[in-house]
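Take a look at the structure set out below.
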Amino acid sequence: MTHKRIAVIGAGIIGVTTAFELALRGHQVTVFEKNQTCAEETSFANAGVISPGYVTPWASPSMPARLLKECFSKNTSFLMHFPNMTELQWLAKCWKASKAENYWIHRSALQRLALMSQARMKELSNLFRLEYEQLLGYNLVYRDAKAWEQALLALPYLSSQSIPYQLLSAQELMEKEPALESSTSLAGAIHLPQDQVANCRQFAMAIRDEAEKLGVEFRFKADVQALDPQQPRRVICGQEVLSFDATVVCAGTMTESILKAFDLKTGIMPIHGYSLTAMIKEPLDAPRCGLMDDKYKVTITRQGNRVRVGGVMELGGSSKEHNPKAIKTLYKVLEDWFPKASDWSQQVQVWKGARPMLAKGSPLICETPVKGVWLNAGHGSSGWALGCASAQLLAGMVDEEVTPDQWPELALR
Ligand SMILES: Cc1cc2nc3c(=O)[nH]c(=O)nc-3n(C[C@H](O)[C@H](O)[C@H](O)COP(=O)(O)OP(=O)(O)OC[C@H]3O[C@@H](n4cnc5c(N)ncnc54)[C@H](O)[C@@H]3O)c2cc1C
């Protein structure tokens, strides 16, 4: 195998893990990141859930009806600004992707990737003795009978994928989560004992250290210009021009702008989301692991000595402007399930990030039609859960050990 000089653009969870896997195979890797350290954008304060049992494309068969209902709801998990043409076209693609036949293709690809990723994360954690606030167990909670019936329909799929689960009554859930508010109505819960919660940013920092030990050079405050189709493997950053044998774009929602001079569209759409994080007041009043409220698609997780509530999908708008409706939804879900977890009138970190979403649901892990320019991007709501396997696959493809036809769902079409 010939060792290559490879540029990785972006040091979120995807870029850092990609750089690590490439370096492990002996390649000479340079990472370019416009921020002053890694995991400063979407990988900064996500909900932290690693859930092979629940990973799913956003565009599901129930999505169109759900969105319609959300438009009239007081506490909403979906917000839309007046859409422009690109956003409308993207929504139309989502509608197409939500058809059952498309949905199941991408759901099973995501699940395969998530299981591989979890296994790789475990390997790396054991090998390097990594600590990143890992907790085992994830509870999916359903407030009403109709939603619960729907949830039960998905159980044969979990069984077919050998994903262990347990059905819980309200009483049984309280035994697992003693701080849970008992007055909130609950039709049933699914406990996924192998799914996890952990701190994405801490993991990215730890893998960056390991990558550096393997010789990876990280260049921070390095804002890379759009690639030039005439010399696509040349990276221009400030006054510097550097040449590589291959370039891997891991720039999350900014991937499209790096490829703007190329005649190709990735279809990655920024879908904003929010998280609130605060110190736990009394550990006994906080969640023990992760909880997903299916009605609002909001998660509550424990991350070390902090509690985090995250969710809401916002199409359009800017990263800087916080929508009070979104924040209200997060507080409502928190109040409903863990009202005493923290003192929310004290210091709260309010964060807004942009998920790099594709309508189809699964990410792009492939070589573009421009030889030597690769993509590892578009992981939507699950980049943390999919990161380690995405990096392994990309590195395997660069070394021609994994062929694109093994993973057709991840190709650029
Ligand atoms: C509210 C919320 C909750 C979430 N919860 C979960 C969860 O529970 N589980 C889960 O798996 N996922 C979750 N996600 C999704 C997950 O956070 C993302 O999928 C993941 O962080 C994407 O990682 P990334 O590396 O592709 O992007 P990023 O982390 O955004 O990294 C891209 C990097 O590229 C850099 N970059 C861009 N352009 C340039 C340039 N020109 N030059 C140099 N550098 C550049 C950026 O600065 C950035 O650091 C959540 C997301 C949100 C918003």
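Following the order of the structure tokens, chains are lettered A, B, ..., residues in each are numbered from 1, and ligands are numbered from 1.
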Taking only C-alpha atoms and all ligand atoms into account, which residues are within 7 Å of ligand 1, as a compact mmCIF listing (two decimals) with C-alpha atoms, in the first residue's frame?
# COMPACT_ATOMS: atom_id res chain seq x y z
CA ILE A 9 -10.84 19.82 5.96
CA GLY A 10 -12.77 20.27 9.21
CA ALA A 11 -12.06 19.09 12.75
CA GLY A 12 -15.50 18.21 14.05
CA ILE A 13 -16.11 14.66 15.27
CA ILE A 14 -16.04 13.43 11.65
CA GLY A 15 -12.81 15.16 10.64
CA PHE A 32 -7.33 22.24 8.50
CA GLU A 33 -9.84 23.79 10.90
CA LYS A 34 -11.03 27.38 10.84
CA ASN A 35 -11.71 27.50 14.59
CA CYS A 38 -11.59 20.91 17.34
CA ALA A 39 -15.34 20.26 17.87
CA GLU A 40 -16.30 23.95 18.08
CA GLU A 41 -19.29 23.78 15.69
CA THR A 42 -22.00 21.09 15.56
CA SER A 43 -19.93 18.61 17.54
CA PHE A 44 -19.72 21.04 20.47
CA ASN A 46 -24.98 17.86 20.95
CA ALA A 47 -27.24 15.62 23.01
CA GLY A 48 -24.56 12.93 23.22
CA VAL A 49 -26.75 9.97 22.30
CA ILE A 50 -25.20 6.91 20.65
CA ALA A 222 -6.97 27.76 9.06
CA ASP A 223 -9.94 28.77 6.93
CA VAL A 224 -9.63 26.82 3.69
CA GLN A 225 -10.79 28.45 0.44
CA ALA A 226 -13.15 26.70 -1.95
CA CYS A 250 -15.41 16.82 6.53
CA ALA A 251 -16.77 20.34 6.82
CA GLY A 252 -20.30 19.56 8.09
CA THR A 253 -22.79 22.17 6.90
CA MET A 254 -20.00 24.07 5.11
CA THR A 255 -19.08 21.17 2.83
CA ILE A 258 -15.85 24.20 -0.21
CA HIS A 272 -30.56 23.97 13.47
CA GLY A 273 -31.09 22.47 16.88
CA TYR A 274 -30.61 23.61 20.46
CA SER A 275 -29.29 22.32 23.74
CA GLY A 310 -31.44 18.89 23.39
CA GLY A 311 -33.60 18.84 20.29
CA VAL A 312 -35.82 20.90 17.91
CA LYS A 352 -27.49 26.32 18.89
CA GLY A 353 -25.87 24.07 16.28
CA ALA A 354 -26.59 23.17 12.66
CA ARG A 355 -27.03 19.52 11.74
CA PRO A 356 -25.54 18.74 8.31
CA ALA A 377 -20.13 14.61 5.56
CA GLY A 378 -23.89 14.96 5.96
CA HIS A 379 -24.39 12.96 9.15
CA GLY A 380 -27.48 14.93 10.19
CA SER A 381 -28.77 14.10 13.66
CA SER A 382 -26.40 11.18 14.21
CA GLY A 383 -22.82 12.27 13.51
CA TRP A 384 -21.66 11.35 16.99
CA ALA A 385 -23.25 7.91 16.78
CA LEU A 386 -21.84 7.28 13.29
Name all residues at most 10 Å from stretch 89-96 of chain A (count only C-alpha atoms; drop same-chain ones fewer than 6 positions away) and give them as a PyMOL selection string.
chain A and resi 57-61+63-64+83+102-103+267-269+315+357-361
Write the residues you've just listed into a file as a compact mmCIF listing (two decimals), in the first residue's frame, and include N, CA and C atoms for each of them.
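Contents of the output file part25.txt:
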# COMPACT_ATOMS: atom_id res chain seq x y z
N PRO A 57 -33.48 7.90 9.70
CA PRO A 57 -33.56 9.14 8.92
C PRO A 57 -34.69 10.01 9.44
N TRP A 58 -34.54 11.30 9.32
CA TRP A 58 -35.60 12.22 9.76
C TRP A 58 -36.83 12.04 8.85
N ALA A 59 -36.57 11.85 7.56
CA ALA A 59 -37.68 11.70 6.61
C ALA A 59 -38.24 10.28 6.70
N SER A 60 -39.11 10.06 7.66
CA SER A 60 -39.72 8.74 7.85
C SER A 60 -41.13 8.75 7.29
N PRO A 61 -41.76 7.58 7.12
CA PRO A 61 -43.13 7.58 6.59
C PRO A 61 -44.10 8.41 7.42
N MET A 63 -43.34 11.22 8.88
CA MET A 63 -42.87 12.61 8.95
C MET A 63 -43.85 13.63 8.35
N PRO A 64 -44.41 13.41 7.13
CA PRO A 64 -45.26 14.46 6.57
C PRO A 64 -46.45 14.80 7.48
N PRO A 83 -39.54 29.58 3.67
CA PRO A 83 -38.48 28.86 2.94
C PRO A 83 -38.10 29.52 1.62
N ASN A 102 -37.79 3.79 0.44
CA ASN A 102 -36.54 4.56 0.56
C ASN A 102 -36.09 4.61 2.01
N TYR A 103 -37.07 4.85 2.88
CA TYR A 103 -36.77 5.00 4.31
C TYR A 103 -36.04 3.78 4.85
N GLY A 267 -26.35 18.49 -1.49
CA GLY A 267 -27.70 18.45 -0.91
C GLY A 267 -27.70 18.53 0.61
N ILE A 268 -26.57 18.94 1.20
CA ILE A 268 -26.52 19.06 2.68
C ILE A 268 -27.21 20.36 3.10
N MET A 269 -28.17 20.23 3.99
CA MET A 269 -28.94 21.39 4.46
C MET A 269 -28.67 21.61 5.95
N LEU A 315 -35.62 24.82 10.32
CA LEU A 315 -35.19 25.00 8.93
C LEU A 315 -35.16 26.49 8.61
N MET A 357 -27.63 18.01 7.30
CA MET A 357 -28.67 17.00 6.97
C MET A 357 -28.80 16.75 5.48
N LEU A 358 -28.96 15.50 5.15
CA LEU A 358 -29.31 15.11 3.79
C LEU A 358 -30.73 14.57 3.81
N ALA A 359 -31.47 14.81 2.74
CA ALA A 359 -32.85 14.34 2.70
C ALA A 359 -32.92 12.82 2.84
N LYS A 360 -31.98 12.11 2.24
CA LYS A 360 -32.04 10.63 2.23
C LYS A 360 -31.78 10.03 3.62
N GLY A 361 -31.06 10.75 4.47
CA GLY A 361 -30.86 10.26 5.83
C GLY A 361 -29.47 9.74 6.11
What lies within 8 Å of A:Gly53 using only C-alpha atoms, ignoring chain neighbours under 5 positions off, as a PyMOL selection string?
chain A and resi 111+158+163+192+195
Distance criterion (only C-alpha atoms): nearest to A:Thr299 out of A:Val197, A:Val248, A:Ala278, A:Ala211:
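Among the listed residues, A:Val197 lies closest to A:Thr299.
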As an exercise, work out the distance from atom CA of A:Glu149 to atom CA of A:Arg112 in Å and give it to one decimal place.
25.6 Å
Write out as an MDAnalysis selection string each polymer residue whose atoms come within 12 Å of A:Leu127, counting only C-alpha atoms; drop sequence neighbours fewer than 5 positions from it.
chainID A and resid 120:122 207 210
Grab the residues selected above and save them as a compact mmCIF listing (two decimals), in the first residue's frame with C-alpha atoms.
# COMPACT_ATOMS: atom_id res chain seq x y z
CA ARG A 120 -15.02 0.84 17.06
CA MET A 121 -15.57 3.43 19.79
CA LYS A 122 -15.39 0.68 22.39
CA ILE A 207 -8.88 11.25 19.60
CA GLU A 210 -4.06 10.12 19.76
Using Å and a single decimal, report how far atom CA of A:Arg107 sits from atom CA of A:Leu153.
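Separating atom CA of A:Leu153 from atom CA of A:Arg107 is a distance of 15.3 Å.
Picture a line from atom CA of A:Leu136 to atom CA of A:Thr18; it runs 25.1 Å.
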Best match for closeness to A:Gln150 among A:Met397, A:Ser62, A:Ala114, A:Val216, counting only C-alpha atoms
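The shortest atom-to-atom distance to A:Gln150 comes from A:Ser62.
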Determine the nearest neighbour of A:Leu115 from the options A:Glu240, A:Lys371, A:Pro52, A:Asp263, counting only C-alpha atoms.
A:Pro52
When DSSP is applied to the backbone of this structure, which of stretch 102-269 of chain A are assigned helix (DSSP H, G or I)? Write them out as a VMD selection string.
chain A and resid 102 to 128 145 to 153 155 to 160 170 to 176 200 to 213 252 to 258
All strand (DSSP E or B) positions in stretch 97-171 of chain A, as a ChimeraX atom specification:
/A:135-142,166-168
